[in-house]
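Shown next: final.cif, given as mmCIF, C-alpha atoms.
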data_input
loop_
_atom_site.label_atom_id
_atom_site.label_comp_id
_atom_site.auth_asym_id
_atom_site.auth_seq_id
_atom_site.Cartn_x
_atom_site.Cartn_y
_atom_site.Cartn_z
CA MET U 113 0.00 0.00 0.00
CA ALA U 114 2.83 2.36 0.88
CA ALA U 115 4.51 1.86 -2.46
CA ALA U 116 1.46 3.23 -4.24
CA ALA U 117 2.19 6.67 -2.82
CA PHE U 118 5.34 7.02 -4.90
CA PRO U 119 5.67 6.51 -8.68
CA LYS U 120 7.60 3.56 -10.01
CA LEU U 121 11.30 4.37 -10.00
CA GLU U 122 12.13 2.08 -12.90
CA THR U 123 9.89 4.19 -15.18
CA LEU U 124 11.72 7.40 -14.23
CA ILE U 125 15.15 5.83 -14.70
CA THR U 126 14.22 4.27 -18.05
CA LEU U 127 12.97 7.64 -19.31
CA LEU U 128 16.17 9.31 -18.11
CA LEU U 129 18.36 6.80 -19.94
CA LEU U 130 16.33 7.15 -23.13
CA ILE U 131 16.55 10.96 -23.01
CA ILE U 132 20.31 10.85 -22.49
CA SER U 133 20.89 8.26 -25.23
CA PHE U 134 18.91 10.29 -27.77
CA ALA U 135 20.04 13.73 -26.65
CA PHE U 136 23.80 13.32 -26.51
CA PRO U 137 24.40 12.48 -30.21
CA ALA U 138 22.79 15.82 -31.04
CA LEU U 139 25.33 17.61 -28.89
CA ALA U 140 28.09 16.85 -31.37
CA GLN U 141 26.26 18.63 -34.18
CA GLU U 142 27.39 21.97 -32.76
CA GLN U 143 30.02 23.78 -34.74
CA GLU U 144 31.34 25.66 -31.68
CA GLN U 145 33.42 23.28 -29.62
CA CYS U 146 36.17 23.96 -27.18
CA ARG U 147 39.53 22.73 -28.43
CA SER U 148 41.30 23.09 -25.10
CA GLU U 149 41.86 19.36 -24.74
CA SER U 150 45.33 18.31 -25.75
CA THR U 151 45.48 16.04 -28.73
CA GLY U 152 48.91 14.74 -27.80
CA GLY U 153 50.18 12.85 -24.80
CA CYS U 154 48.58 9.66 -23.58
CA HIS U 155 45.90 9.10 -26.22
CA ASP U 156 45.51 5.57 -27.56
CA ARG U 157 42.03 4.54 -28.71
CA ALA U 158 42.79 0.78 -28.82
CA ALA U 159 44.37 0.69 -25.37
CA ALA U 160 41.60 2.87 -23.96
CA LEU U 161 38.97 0.48 -25.34
CA LYS U 162 40.58 -2.45 -23.50
CA PHE U 163 40.48 -0.52 -20.22
CA LYS U 164 36.85 0.45 -20.85
CA ILE U 165 35.87 -3.20 -21.28
CA ILE U 166 37.67 -4.03 -18.03
CA ALA U 167 35.88 -1.09 -16.39
CA VAL U 168 32.43 -2.31 -17.49
CA CYS U 169 32.98 -5.75 -15.97
CA SER U 170 34.74 -4.68 -12.78
CA ILE U 171 32.37 -1.81 -11.97
CA LEU U 172 29.34 -4.02 -12.62
CA VAL U 173 30.63 -6.71 -10.24
CA THR U 174 31.69 -4.32 -7.45
CA SER U 175 28.42 -2.40 -7.73
CA MET U 176 26.42 -5.60 -7.32
CA ILE U 177 28.54 -6.69 -4.37
CA GLY U 178 28.17 -3.32 -2.65
CA VAL U 179 24.41 -2.97 -3.02
CA CYS U 180 23.69 -6.64 -2.28
CA LEU U 181 25.82 -6.95 0.88
CA PRO U 182 23.28 -5.21 3.16
CA LEU U 183 20.44 -7.24 1.67
CA PHE U 184 22.03 -10.47 2.92
CA THR U 185 22.67 -9.18 6.45
CA ARG U 186 19.33 -10.57 7.66
CA ALA U 187 21.14 -13.89 7.93
CA VAL U 188 23.62 -12.29 10.37
CA PRO U 189 21.98 -11.51 13.74
CA ALA U 190 24.48 -8.75 14.60
CA LEU U 191 23.62 -6.88 11.39
CA GLN U 192 19.86 -6.79 11.81
CA PRO U 193 18.37 -3.27 11.27
CA ASP U 194 17.57 -2.93 14.97
CA LYS U 195 21.13 -3.74 16.13
CA ASP U 196 23.85 -1.23 17.03
CA LEU U 197 26.31 -2.58 14.45
CA PHE U 198 23.82 -1.96 11.64
CA VAL U 199 23.43 1.66 12.80
CA ILE U 200 27.21 2.16 12.74
CA VAL U 201 27.58 0.59 9.28
CA LYS U 202 24.69 2.67 7.97
CA SER U 203 26.33 5.82 9.40
CA PHE U 204 29.53 4.95 7.52
CA ALA U 205 27.57 4.48 4.30
CA SER U 206 25.67 7.75 4.88
CA GLY U 207 29.01 9.53 5.20
CA VAL U 208 30.03 8.03 1.86
CA ILE U 209 26.87 9.36 0.20
CA LEU U 210 27.36 12.79 1.81
CA ALA U 211 30.93 13.00 0.47
CA THR U 212 29.77 11.80 -2.94
CA GLY U 213 27.51 14.83 -3.23
CA TYR U 214 29.94 17.41 -1.85
CA MET U 215 33.32 16.07 -2.99
CA HIS U 216 32.55 14.36 -6.30
CA VAL U 217 29.34 15.53 -7.96
CA LEU U 218 29.28 19.20 -6.95
CA PRO U 219 32.92 19.92 -8.02
CA ASP U 220 32.23 18.22 -11.36
CA SER U 221 29.33 20.61 -11.92
CA PHE U 222 31.54 23.59 -11.05
CA ASP U 223 34.13 22.38 -13.57
CA ASP U 224 31.49 22.03 -16.29
CA LEU U 225 29.51 25.22 -15.79
CA ARG U 226 32.58 27.41 -15.19
CA SER U 227 34.64 25.82 -17.95
CA PRO U 228 36.77 28.12 -20.14
CA CYS U 229 34.93 26.52 -23.04
CA LEU U 230 31.78 28.45 -22.03
CA PRO U 231 31.34 32.20 -22.56
CA ASP U 232 31.78 34.52 -19.60
CA HIS U 233 28.19 35.74 -19.97
CA PRO U 234 26.25 34.37 -18.19
CA TRP U 235 28.16 31.32 -16.92
CA LYS U 236 30.86 33.13 -14.96
CA GLU U 237 28.62 35.94 -13.75
CA PHE U 238 26.21 33.80 -11.70
CA PRO U 239 26.80 30.73 -9.48
CA PHE U 240 24.56 28.39 -11.47
CA THR U 241 25.90 25.22 -9.81
CA THR U 242 24.95 26.18 -6.27
CA PHE U 243 21.66 27.72 -7.44
CA ILE U 244 20.60 24.53 -9.24
CA ALA U 245 21.77 22.36 -6.32
CA MET U 246 19.68 24.50 -3.94
CA LEU U 247 16.59 24.15 -6.15
CA SER U 248 17.20 20.41 -6.42
CA ALA U 249 17.29 20.09 -2.61
CA VAL U 250 14.02 22.03 -2.31
CA VAL U 251 12.36 19.88 -4.99
CA THR U 252 13.56 16.76 -3.15
CA LEU U 253 12.00 18.11 0.04
CA MET U 254 8.74 18.72 -1.85
CA VAL U 255 8.69 15.16 -3.20
CA ASP U 256 9.46 13.84 0.29
CA SER U 257 6.74 15.97 1.89
CA PHE U 258 4.01 15.42 -0.72
CA ALA U 259 4.54 11.66 -0.76
CA MET U 260 4.17 11.48 3.03
CA SER U 261 1.14 13.79 3.21
CA TYR U 262 -0.58 11.94 0.36
CA TYR U 263 -0.18 8.64 2.12
CA LYS U 264 -1.37 10.01 5.46
CA ARG U 265 -4.51 11.46 3.86
CA TYR U 266 -5.08 8.18 2.06
CA CYS U 267 -4.83 6.23 5.32
CA SER U 268 -7.15 8.66 7.12
CA LYS U 269 -9.73 8.28 4.38
CA ILE U 270 -9.58 4.48 4.58
CA ALA U 271 -9.81 4.58 8.39
CA GLY U 272 -12.84 6.87 8.24
CA GLN U 273 -14.70 4.38 6.04
CA LYS U 274 -14.32 1.56 8.56
CA THR U 275 -17.13 0.68 10.96
CA TYR U 276 -16.31 -0.05 14.57
CA SER U 277 -18.02 -2.10 17.20
CA ASN U 278 -20.35 -0.31 19.63
CA SER U 279 -18.37 -1.68 22.56
CA PRO U 280 -16.14 1.15 23.91
CA SER U 281 -13.42 -1.23 25.07
CA VAL U 282 -13.24 -3.02 21.74
CA GLU U 283 -13.29 0.28 19.87
CA MET U 284 -10.51 1.68 22.05
CA GLY U 285 -8.32 -1.38 21.56
CA HIS U 286 -8.97 -1.33 17.83
CA ALA U 287 -8.07 2.36 17.66
CA LYS U 288 -4.75 1.69 19.43
CA ASN U 289 -3.93 -1.11 17.02
CA GLU U 290 -4.82 1.13 14.07
CA GLN U 291 -2.59 3.89 15.41
CA GLY U 292 0.36 1.55 15.83
CA HIS U 293 -0.24 0.10 12.37
CA ASP U 294 -0.36 3.59 10.81
CA GLU U 295 2.91 4.57 12.50
CA MET U 296 4.62 1.47 11.15
CA ASN U 297 3.27 2.11 7.65
CA THR U 298 4.34 5.75 7.79
CA GLN U 299 7.89 4.75 8.76
CA LEU U 300 7.93 2.10 6.04
CA LEU U 301 6.81 4.65 3.45
CA ARG U 302 9.53 6.99 4.66
CA HIS U 303 12.17 4.32 4.03
CA ARG U 304 10.73 3.60 0.58
CA VAL U 305 10.69 7.22 -0.49
CA VAL U 306 14.29 7.59 0.73
CA ALA U 307 15.43 4.48 -1.17
CA GLN U 308 13.82 5.50 -4.45
CA VAL U 309 14.80 9.18 -4.43
CA LEU U 310 18.35 8.30 -3.38
CA GLU U 311 18.63 5.76 -6.20
CA LEU U 312 17.43 8.36 -8.71
CA GLY U 313 20.13 10.83 -7.66
CA ILE U 314 22.85 8.18 -7.82
CA VAL U 315 21.71 6.95 -11.24
CA VAL U 316 21.90 10.44 -12.77
CA HIS U 317 25.53 10.87 -11.70
CA SER U 318 26.44 7.29 -12.63
CA VAL U 319 25.26 7.67 -16.22
CA VAL U 320 27.10 10.98 -16.62
CA ILE U 321 30.43 9.73 -15.22
CA GLY U 322 30.12 6.49 -17.23
CA MET U 323 29.61 8.41 -20.48
CA ALA U 324 32.61 10.61 -19.71
CA MET U 325 34.80 7.53 -19.28
CA GLY U 326 33.37 5.85 -22.38
CA ALA U 327 34.01 8.90 -24.57
CA SER U 328 37.64 9.28 -23.42
CA ASP U 329 40.53 7.80 -25.40
CA ASN U 330 43.13 8.50 -22.71
CA PRO U 331 44.24 5.22 -21.05
CA CYS U 332 46.39 7.13 -18.55
CA THR U 333 43.21 8.72 -17.18
CA ILE U 334 41.00 5.65 -17.41
CA ARG U 335 43.39 3.24 -15.64
CA PRO U 336 43.34 4.88 -12.17
CA LEU U 337 39.71 5.86 -12.64
CA ILE U 338 38.67 2.20 -12.79
CA ALA U 339 39.96 1.44 -9.29
CA ALA U 340 38.54 4.68 -7.89
CA LEU U 341 35.10 4.05 -9.38
CA CYS U 342 35.07 0.46 -8.12
CA PHE U 343 35.62 1.63 -4.54
CA HIS U 344 33.14 4.45 -5.12
CA GLN U 345 30.40 2.09 -6.32
CA LEU U 346 31.16 -0.47 -3.61
CA PHE U 347 30.66 1.91 -0.67
CA GLU U 348 27.89 3.93 -2.30
CA GLY U 349 26.11 0.66 -3.01
CA MET U 350 26.36 -0.31 0.66
CA GLY U 351 24.61 2.94 1.59
CA LEU U 352 21.85 2.40 -0.94
CA GLY U 353 21.54 -1.28 -0.02
CA GLY U 354 20.94 -0.36 3.62
CA CYS U 355 18.09 1.92 2.55
CA ILE U 356 16.60 -0.79 0.33
CA LEU U 357 16.80 -3.26 3.22
CA GLN U 358 14.86 -0.93 5.54
CA ALA U 359 12.27 -0.30 2.81
CA GLU U 360 11.30 -4.01 2.97
CA TYR U 361 10.53 -4.36 -0.72
CA GLY U 362 9.55 -7.61 -2.37
CA ARG U 363 12.03 -9.57 -4.45
CA LYS U 364 10.98 -7.97 -7.75
CA MET U 365 11.43 -4.39 -6.57
CA LYS U 366 14.71 -5.21 -4.81
CA GLY U 367 15.95 -6.81 -8.00
CA LEU U 368 15.03 -3.75 -10.07
CA LEU U 369 16.75 -1.35 -7.68
CA VAL U 370 19.88 -3.53 -7.58
CA PHE U 371 19.89 -3.83 -11.36
CA PHE U 372 19.56 -0.09 -12.05
CA PHE U 373 22.25 0.84 -9.55
CA SER U 374 24.65 -1.84 -10.81
CA ALA U 375 24.07 -1.33 -14.53
CA THR U 376 23.90 2.44 -14.97
CA THR U 377 27.64 3.22 -14.81
CA PRO U 378 28.56 0.31 -17.17
CA LEU U 379 25.67 1.35 -19.43
CA GLY U 380 27.00 4.91 -19.42
CA ILE U 381 30.44 3.61 -20.44
CA VAL U 382 28.90 1.60 -23.29
CA LEU U 383 26.92 4.66 -24.44
CA GLY U 384 30.11 6.73 -24.29
CA ILE U 385 31.97 4.17 -26.41
CA GLY U 386 29.17 4.06 -28.97
CA LEU U 387 28.90 7.84 -29.16
CA SER U 388 32.63 8.60 -28.93
CA ASN U 389 32.81 9.44 -32.64
CA VAL U 390 29.99 12.00 -32.46
CA TYR U 391 29.96 13.13 -28.83
CA SER U 392 32.36 15.83 -27.66
CA PRO U 393 32.39 16.27 -23.86
CA THR U 394 33.87 19.77 -24.37
CA SER U 395 31.09 21.10 -26.59
CA ARG U 396 29.10 23.93 -25.04
CA THR U 397 25.82 22.10 -24.88
CA ALA U 398 27.45 18.98 -23.45
CA LEU U 399 29.08 21.00 -20.68
CA ILE U 400 25.82 22.78 -19.83
CA VAL U 401 23.67 19.63 -19.83
CA VAL U 402 26.16 17.56 -17.80
CA GLY U 403 26.79 20.45 -15.42
CA ILE U 404 23.07 20.91 -14.74
CA LEU U 405 22.56 17.17 -14.23
CA ASN U 406 25.50 17.00 -11.81
CA ALA U 407 24.28 20.04 -9.85
CA SER U 408 20.78 18.55 -9.59
CA SER U 409 22.19 15.22 -8.46
CA ALA U 410 24.44 16.94 -5.89
CA GLY U 411 21.55 18.84 -4.33
CA LEU U 412 19.48 15.67 -4.11
CA LEU U 413 22.29 13.59 -2.60
CA ASN U 414 23.24 16.26 -0.07
CA TYR U 415 19.64 16.65 1.09
CA MET U 416 19.08 12.89 1.33
CA ALA U 417 22.34 12.29 3.21
CA LEU U 418 21.86 15.09 5.74
CA VAL U 419 18.09 15.04 6.28
CA ASP U 420 16.72 11.60 5.49
CA LEU U 421 19.73 9.53 6.54
CA LEU U 422 21.95 11.27 9.11
CA ALA U 423 19.50 13.63 10.83
CA SER U 424 16.77 11.00 10.87
CA ASP U 425 19.04 8.49 12.61
CA PHE U 426 20.93 10.81 14.95
CA MET U 427 17.76 12.56 16.14
CA GLY U 428 15.94 9.25 16.55
CA PRO U 429 15.40 7.54 19.91
CA LYS U 430 17.97 4.78 19.40
CA LEU U 431 20.96 7.13 19.10
CA GLN U 432 19.57 9.78 21.44
CA GLU U 433 19.43 7.22 24.26
CA SER U 434 23.07 6.13 23.89
CA ALA U 435 25.96 8.62 23.91
CA ARG U 436 28.38 5.76 23.26
CA LEU U 437 26.52 4.64 20.13
CA GLN U 438 26.35 8.27 18.99
CA ALA U 439 30.12 8.62 19.32
CA TRP U 440 30.80 5.45 17.33
CA SER U 441 28.28 6.50 14.68
CA TYR U 442 29.85 9.95 14.31
CA LEU U 443 33.25 8.29 13.93
CA ALA U 444 31.79 6.03 11.24
CA VAL U 445 30.35 9.06 9.41
CA LEU U 446 33.73 10.80 9.46
CA LEU U 447 35.51 7.67 8.25
CA GLY U 448 33.03 7.18 5.39
CA ALA U 449 33.10 10.83 4.36
CA GLY U 450 36.88 11.04 4.77
CA GLY U 451 37.56 7.92 2.72
CA MET U 452 35.27 9.08 -0.06
CA SER U 453 36.91 12.51 0.01
CA VAL U 454 40.32 10.94 -0.54
CA MET U 455 38.85 9.13 -3.58
CA ALA U 456 38.17 12.56 -5.10
CA ILE U 457 41.89 12.73 -5.90
CA TRP U 458 41.37 10.13 -8.63
CA ALA U 459 37.65 10.29 -9.46
#
Take the structure I supplied and represent it as C-alpha cells, if you would.
Amino acid sequence: MAAAAFPKLETLITLLLLIISFAFPALAQEQEQCRSESTGGCHDRAAALKFKIIAVCSILVTSMIGVCLPLFTRAVPALQPDKDLFVIVKSFASGVILATGYMHVLPDSFDDLRSPCLPDHPWKEFPFTTFIAMLSAVVTLMVDSFAMSYYKRYCSKIAGQKTYSNSPSVEMGHAKNEQGHDEMNTQLLRHRVVAQVLELGIVVHSVVIGMAMGASDNPCTIRPLIAALCFHQLFEGMGLGGCILQAEYGRKMKGLLVFFFSATTPLGIVLGIGLSNVYSPTSRTALIVVGILNASSAGLLNYMALVDLLASDFMGPKLQESARLQAWSYLAVLLGAGGMSVMAIWA
C-alpha cells in the first residue's frame, strides 16, 4: 500500500536513460566546440577500449557486491536493522553518500559550468551550480513531503470508512492497534521514499560519469579511474543497499533497484563508447547539460544524506538514548566521508 504513494522508479530511470541516449548524439552537431583538450600525450584509442571493457565488468561486479551486501545481512543476527552494528555501518555508508555529493558531484558541476569553453556571460557571472543544487534540494523536500502527506490522507480516508463495534473497550483497543499500524506504515513509506529518491540521484551521476569515461581515449586517465570508481560504487552501493533493506521491498522491486544501480555506470560507459565518434564532452551544450545534471544530483544527494539519513538516525530515539553509540556512529560518518573525500583525488 505504501509503495502506491510514490511513482515507479524504474519508469523514471528508463525515461532518463532514453533521453540521455537520444540527446547526446545531437550535442556533437554543434560547430562551436572547445579545443582546449590536448590532442597529444597519452591518447591511444585501442588501449583505452581495453580498459573500458575491463571497467564495465569490474564496476558491474563491485556495484552488485556493494548494493547486495546489506540485503544479505538478515542472515547475520548482529547486522539486523535494529542492532547497534547496523546503525554504525549505515552511518559509515551515509558519510560516503554525503561526500559523494559534496566532494565528487558538486565539483564536477563547477568544472562544467565554469569551464573556459563556455562564454563569460552568463556562466561566470552567476553561481549556477549552487543555485541549481539548492533548487534540487528544495524539490527533493517537496517530493518527500508530498509523498508522506498523500499517504497520510489516504490512510485517514480508509480509516474513516471503517465501521467499529459499539463496545467502547473493543473500539478503544482497535483504535490503538490502528494507530500503531499507521505509525509502522508511515515509517515504512519513509524508508521507501528515501530508497527511491536516493537511487534516482545516484543513477543520474552514474550515467554521466560512465559516459565521460566511455568517450575518453586517454588510457592514462582511465586506468586509475577504474579502481577509484570500483571503490566508489562499492561503498555507495552499501549505503543504498541499507536503505533498500529498511524499505522491505519484495524480491521484484529489490531486484530492479539492484539492477539499475549496478548497470547504470557500465551502461553509461557503453553509451560513451558508442557515441565517442559523435559526442564531444567539451562542446558547449554537453558541458551545460552535464553540469546541470551534476548540480541537480548533488543537491538531491546532499539533502538525502543530511536530512533523510543522518538527521533521521541521529535525532531518533535509538541514538539519542546512547551517547556511546552516537560517538561510534559519528566516527563512522567521518571515516566514510573522509575515505570518499580521498577518492576525489582520482575520481
Matched chain/residue IDs from the PyMOL selection byres ((chain U and resi 353) around 12), as a PDB file with C-alpha atoms, keeping the file's coordinate frame:
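Okay, this is what ended up in part04.pdb:
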ATOM      1  CA  SER U 175      28.420  -2.400  -7.730  1.00  0.00           C
ATOM      2  CA  MET U 176      26.420  -5.600  -7.320  1.00  0.00           C
ATOM      3  CA  ILE U 177      28.540  -6.690  -4.370  1.00  0.00           C
ATOM      4  CA  GLY U 178      28.170  -3.320  -2.650  1.00  0.00           C
ATOM      5  CA  VAL U 179      24.410  -2.970  -3.020  1.00  0.00           C
ATOM      6  CA  CYS U 180      23.690  -6.640  -2.280  1.00  0.00           C
ATOM      7  CA  LEU U 181      25.820  -6.950   0.880  1.00  0.00           C
ATOM      8  CA  PRO U 182      23.280  -5.210   3.160  1.00  0.00           C
ATOM      9  CA  LEU U 183      20.440  -7.240   1.670  1.00  0.00           C
ATOM     10  CA  PHE U 184      22.030 -10.470   2.920  1.00  0.00           C
ATOM     11  CA  THR U 185      22.670  -9.180   6.450  1.00  0.00           C
ATOM     12  CA  PRO U 193      18.370  -3.270  11.270  1.00  0.00           C
ATOM     13  CA  PHE U 198      23.820  -1.960  11.640  1.00  0.00           C
ATOM     14  CA  VAL U 201      27.580   0.590   9.280  1.00  0.00           C
ATOM     15  CA  LYS U 202      24.690   2.670   7.970  1.00  0.00           C
ATOM     16  CA  ALA U 205      27.570   4.480   4.300  1.00  0.00           C
ATOM     17  CA  SER U 206      25.670   7.750   4.880  1.00  0.00           C
ATOM     18  CA  ILE U 209      26.870   9.360   0.200  1.00  0.00           C
ATOM     19  CA  HIS U 303      12.170   4.320   4.030  1.00  0.00           C
ATOM     20  CA  ARG U 304      10.730   3.600   0.580  1.00  0.00           C
ATOM     21  CA  VAL U 306      14.290   7.590   0.730  1.00  0.00           C
ATOM     22  CA  ALA U 307      15.430   4.480  -1.170  1.00  0.00           C
ATOM     23  CA  GLN U 308      13.820   5.500  -4.450  1.00  0.00           C
ATOM     24  CA  LEU U 310      18.350   8.300  -3.380  1.00  0.00           C
ATOM     25  CA  GLU U 311      18.630   5.760  -6.200  1.00  0.00           C
ATOM     26  CA  GLN U 345      30.400   2.090  -6.320  1.00  0.00           C
ATOM     27  CA  LEU U 346      31.160  -0.470  -3.610  1.00  0.00           C
ATOM     28  CA  PHE U 347      30.660   1.910  -0.670  1.00  0.00           C
ATOM     29  CA  GLU U 348      27.890   3.930  -2.300  1.00  0.00           C
ATOM     30  CA  GLY U 349      26.110   0.660  -3.010  1.00  0.00           C
ATOM     31  CA  MET U 350      26.360  -0.310   0.660  1.00  0.00           C
ATOM     32  CA  GLY U 351      24.610   2.940   1.590  1.00  0.00           C
ATOM     33  CA  LEU U 352      21.850   2.400  -0.940  1.00  0.00           C
ATOM     34  CA  GLY U 354      20.940  -0.360   3.620  1.00  0.00           C
ATOM     35  CA  CYS U 355      18.090   1.920   2.550  1.00  0.00           C
ATOM     36  CA  ILE U 356      16.600  -0.790   0.330  1.00  0.00           C
ATOM     37  CA  LEU U 357      16.800  -3.260   3.220  1.00  0.00           C
ATOM     38  CA  GLN U 358      14.860  -0.930   5.540  1.00  0.00           C
ATOM     39  CA  ALA U 359      12.270  -0.300   2.810  1.00  0.00           C
ATOM     40  CA  GLU U 360      11.300  -4.010   2.970  1.00  0.00           C
ATOM     41  CA  TYR U 361      10.530  -4.360  -0.720  1.00  0.00           C
ATOM     42  CA  LYS U 366      14.710  -5.210  -4.810  1.00  0.00           C
ATOM     43  CA  GLY U 367      15.950  -6.810  -8.000  1.00  0.00           C
ATOM     44  CA  LEU U 369      16.750  -1.350  -7.680  1.00  0.00           C
ATOM     45  CA  VAL U 370      19.880  -3.530  -7.580  1.00  0.00           C
ATOM     46  CA  PHE U 371      19.890  -3.830 -11.360  1.00  0.00           C
ATOM     47  CA  PHE U 373      22.250   0.840  -9.550  1.00  0.00           C
ATOM     48  CA  SER U 374      24.650  -1.840 -10.810  1.00  0.00           C
TER      49      SER U 374
END
Test item: residues at most 9 Å from segment 251-259 of chain U, only C-alpha atoms, excluding those fewer than 6 positions along its chain, as a PDB file with C-alpha atoms, in the coordinates of the input:
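Once written, selection-v3.pdb looks like this:
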ATOM      1  CA  ALA U 117       2.190   6.670  -2.820  1.00  0.00           C
ATOM      2  CA  PHE U 118       5.340   7.020  -4.900  1.00  0.00           C
ATOM      3  CA  LEU U 301       6.810   4.650   3.450  1.00  0.00           C
ATOM      4  CA  ARG U 302       9.530   6.990   4.660  1.00  0.00           C
ATOM      5  CA  VAL U 305      10.690   7.220  -0.490  1.00  0.00           C
ATOM      6  CA  VAL U 306      14.290   7.590   0.730  1.00  0.00           C
ATOM      7  CA  VAL U 309      14.800   9.180  -4.430  1.00  0.00           C
ATOM      8  CA  GLY U 411      21.550  18.840  -4.330  1.00  0.00           C
ATOM      9  CA  LEU U 412      19.480  15.670  -4.110  1.00  0.00           C
ATOM     10  CA  TYR U 415      19.640  16.650   1.090  1.00  0.00           C
ATOM     11  CA  MET U 416      19.080  12.890   1.330  1.00  0.00           C
TER      12      MET U 416
END
Hits of the PyMOL selection byres ((chain U and resi 323-334) around 6) in this structure, as a tab-separated table (two decimals) with C-alpha atoms, keeping the file's coordinate frame:
chain	number	residue	atom	x	y	z
U	154	CYS	CA	48.58	9.66	-23.58
U	155	HIS	CA	45.90	9.10	-26.22
U	156	ASP	CA	45.51	5.57	-27.56
U	157	ARG	CA	42.03	4.54	-28.71
U	160	ALA	CA	41.60	2.87	-23.96
U	320	VAL	CA	27.10	10.98	-16.62
U	321	ILE	CA	30.43	9.73	-15.22
U	322	GLY	CA	30.12	6.49	-17.23
U	335	ARG	CA	43.39	3.24	-15.64
U	336	PRO	CA	43.34	4.88	-12.17
U	337	LEU	CA	39.71	5.86	-12.64
U	380	GLY	CA	27.00	4.91	-19.42
U	381	ILE	CA	30.44	3.61	-20.44
U	384	GLY	CA	30.11	6.73	-24.29
U	385	ILE	CA	31.97	4.17	-26.41
U	388	SER	CA	32.63	8.60	-28.93
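Our summary of the geometry notes that atom CA of Arg186 of chain U is positioned 22.0 Å from atom CA of Ser424 of chain U.
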Could you tell me which residues the PyMOL selection byres ((chain U and resi 236-241) around 12) grabs in this file, written as a count of residues only?
39
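Distances here use all atoms listed in the file; by that measure, the residue among U:Leu387, U:Ala375, U:Leu191, U:Ile314 closest to Leu172 of chain U is U:Ala375.
Closest approach to Val454 of chain U among U:Gln192, U:Thr212, U:Ser170, U:Thr376 is made by U:Thr212 (distances from only C-alpha atoms).
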Just need the box for segment 205-214 of chain U, edges along x, y and z, holding every atom the file lists for it with 8 Å tacked onto each side, so centre and edge lengths in Å to one decimal, as JSON.
{"center_x": 28.3, "center_y": 10.9, "center_z": 1.0, "size_x": 21.3, "size_y": 28.9, "size_z": 24.4}
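For the atom pair formed by atom CA of Cys342 of chain U and atom CA of Ile171 of chain U, the distance is 5.2 Å, given to one decimal.
What separates atom CA of Gly386 of chain U from atom CA of Leu312 of chain U is a distance of 23.8 Å.
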Neighbour list for Leu418 of chain U as a ChimeraX atom specification, cut-off 10 Å, all atoms listed in the file, skip fewer than 4 positions in-chain
/U:206-207,209-210,413-414,422-425
